[in-house]
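S.K.: Take a look at this one; I'll ask things after.
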Amino acid sequence: MQLKDRIKSLRRIKASQLKRNVKNWRRHNEPQETALRAILKEVGFASACLVRDCKDGTFELIDGHLRADIAEEEQVPCLILDVTKAEADKILATFDFVTTMASTDQIALNNLITSISVDSTDLQELLNSRLTDGSELENIFEGEDESHLLVDSFNVLIDCKDESEQVALLKRFKKEGFKCRAWIS
């Protein structure tokens with residue numbers, strides 16, 4: 001299979017000059033921003049924002065919106081892609097999502113985390129939140145076979161603007177007979 005290389009160049013661009021993609025579907029919460037600020041402060045930029053060359057001297061973000069928001073007036077590394085608006089939309093829809101499809105080897109992650117030394121309390125809290133103790137892992141490997149409990153599950157996640165909208169939607173859906181619950185992230 002011959003794969004296309006759509007990367008034109010690597011360029012550093014002032015974050016405030018990057019056009020935010022109005023179709024960006026990611027919503028960044030405060031804990032994520034705190035964690036990203038901590039890693040940027042302690043390590044710095046270790047990946048580039050993906051941007052589309054709009055061919056008019058401007059660049060539109062495809063991936064890296066939060067990094068660009070945090071960097072504000074600083075230069076950020078950007079991979080300039082030679083893609084159409086439609087291709088950029090495909091990347092925007094799938095880039096982060098494909099990453100989340102990977103499973104976690106919790107033992108390997110625990111070993112990695114415990115081998116790391118950090119200066120930032122925020123970064124240490126983030127790493128600690130990803131650790132699990134051995135008892136959880138023992139239950140996974142030594143527990144009873146409960147595969148008979150596995151059933152298909154189809155879910156919808158709705159981002160609400162505030163708690164009152166969340167409560168109203170929960171009441172409505174329960175009244176319509178849907179099994180639903182609140183989730184705060």
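Residues in the structure tokens are numbered from 1 in each chain, the chains being A, B, ... in the order shown, and ligands are numbered from 1 in the order shown.
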Just want the 9 Å neighbourhood of Leu50 of chain A, counted on only C-alpha atoms, with same-chain residues fewer than 5 positions away dropped. Output as a PyMOL selection string.

M.R.: chain A and resi 60-64+77-81

S.K.: How about saving the chosen residues, N, CA and C atoms kept, as a PDB file, in the first residue's frame?

M.R.:
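Output contents, as saved in part-v1.pdb:
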```
ATOM      1  N   GLU A  60      -5.509  26.866   9.938  1.00  0.00           N
ATOM      2  CA  GLU A  60      -6.621  26.452  10.793  1.00  0.00           C
ATOM      3  C   GLU A  60      -6.232  25.197  11.566  1.00  0.00           C
ATOM      4  N   LEU A  61      -6.497  25.217  12.871  1.00  0.00           N
ATOM      5  CA  LEU A  61      -6.188  24.076  13.716  1.00  0.00           C
ATOM      6  C   LEU A  61      -7.053  22.872  13.373  1.00  0.00           C
ATOM      7  N   ILE A  62      -6.432  21.714  13.357  1.00  0.00           N
ATOM      8  CA  ILE A  62      -7.147  20.442  13.256  1.00  0.00           C
ATOM      9  C   ILE A  62      -7.011  19.730  14.599  1.00  0.00           C
ATOM     10  N   ASP A  63      -5.815  19.746  15.163  1.00  0.00           N
ATOM     11  CA  ASP A  63      -5.563  19.140  16.466  1.00  0.00           C
ATOM     12  C   ASP A  63      -4.589  20.027  17.220  1.00  0.00           C
ATOM     13  N   GLY A  64      -4.856  20.251  18.509  1.00  0.00           N
ATOM     14  CA  GLY A  64      -3.964  21.056  19.337  1.00  0.00           C
ATOM     15  C   GLY A  64      -4.611  22.330  19.842  1.00  0.00           C
ATOM     16  N   PRO A  77       4.901  24.694  17.861  1.00  0.00           N
ATOM     17  CA  PRO A  77       5.265  23.885  16.701  1.00  0.00           C
ATOM     18  C   PRO A  77       4.000  23.400  15.994  1.00  0.00           C
ATOM     19  N   CYS A  78       3.975  23.539  14.673  1.00  0.00           N
ATOM     20  CA  CYS A  78       2.815  23.143  13.881  1.00  0.00           C
ATOM     21  C   CYS A  78       3.260  22.310  12.682  1.00  0.00           C
ATOM     22  N   LEU A  79       2.605  21.182  12.494  1.00  0.00           N
ATOM     23  CA  LEU A  79       2.778  20.434  11.259  1.00  0.00           C
ATOM     24  C   LEU A  79       1.778  21.010  10.264  1.00  0.00           C
ATOM     25  N   ILE A  80       2.299  21.575   9.193  1.00  0.00           N
ATOM     26  CA  ILE A  80       1.453  22.173   8.167  1.00  0.00           C
ATOM     27  C   ILE A  80       1.039  21.057   7.209  1.00  0.00           C
ATOM     28  N   LEU A  81      -0.260  20.806   7.124  1.00  0.00           N
ATOM     29  CA  LEU A  81      -0.765  19.743   6.268  1.00  0.00           C
ATOM     30  C   LEU A  81      -1.309  20.312   4.970  1.00  0.00           C
TER      31      LEU A  81
END
```

S.K.: Can you list, as a ChimeraX atom specification, all residues belonging to segment 58-140 of chain A that DSSP tags as strand (DSSP E)?

M.R.: /A:59-63,75-81

S.K.: As a ChimeraX atom specification, list the residues of segment 41-114 of chain A assigned to alpha helix (DSSP H) by DSSP on the backbone atoms of this structure.

M.R.: /A:41-42,65-71,85-100,106-114

S.K.: Could the residues of segment 15-60 of chain A that have an atom at most 12 Å from segment 155-171 of chain A be listed as a tab-separated table, each with its closest atom pair and the distance in Å to one decimal, counting only C-alpha atoms and ordered by chain and ascending residue number?

M.R.:
```
residue	atom	partner	partner_atom	distance
A:Trp25	CA	A:Asp159	CA	10.5
A:Arg26	CA	A:Asp159	CA	10.5
A:Arg27	CA	A:Asp159	CA	8.8
A:His28	CA	A:Asp159	CA	11.6
A:Asn29	CA	A:Asp159	CA	11.7
```

S.K.: Restricting it to C-alpha atoms, dump the selection as a compact mmCIF listing (two decimals), in the first residue's frame.

M.R.:
```txt
# COMPACT_ATOMS: atom_id res chain seq x y z
CA TRP A 25 -15.81 18.52 18.92
CA ARG A 26 -13.47 18.25 21.90
CA ARG A 27 -14.45 20.14 25.06
CA HIS A 28 -11.54 20.73 27.40
CA ASN A 29 -12.32 20.73 31.11
```

S.K.: Which residues are near segment 95-104 of chain A? Cut-off 12 Å, only C-alpha atoms, ignore same chain within fewer than 2 positions. Put them as number ranges by chain.

M.R.: A: 24-26, 49-50, 62-65, 87-93, 106-110, 130-132

S.K.: With only C-alpha atoms as the atoms that count, which of A:Lys85, A:Pro31, A:Arg67, A:Ala38 lies nearest to Lys55 of chain A?

M.R.: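 Smallest separation from Lys55 of chain A among the options: A:Lys85.
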
S.K.: Hey, which of A:Asn111, A:Ser16, A:Thr121, A:Ser47 ends up closest to Thr34 of chain A? Count only C-alpha atoms.

M.R.: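 Comparing A:Asn111, A:Ser16, A:Thr121, A:Ser47 against Thr34 of chain A, the winner is A:Thr121.
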
S.K.: Work out how far apart atom CA of Asp69 of chain A and atom CA of Asp5 of chain A are and give it in Å to one decimal.

M.R.: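 According to the coordinates, atom CA of Asp69 of chain A and atom CA of Asp5 of chain A are separated by 27.5 Å.
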
S.K.: Please report the interatomic distance between atom CA of Leu18 of chain A and atom CA of Arg52 of chain A in Å with one decimal.

M.R.: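 Taking atom CA of Leu18 of chain A and atom CA of Arg52 of chain A, their separation equals 9.8 Å.
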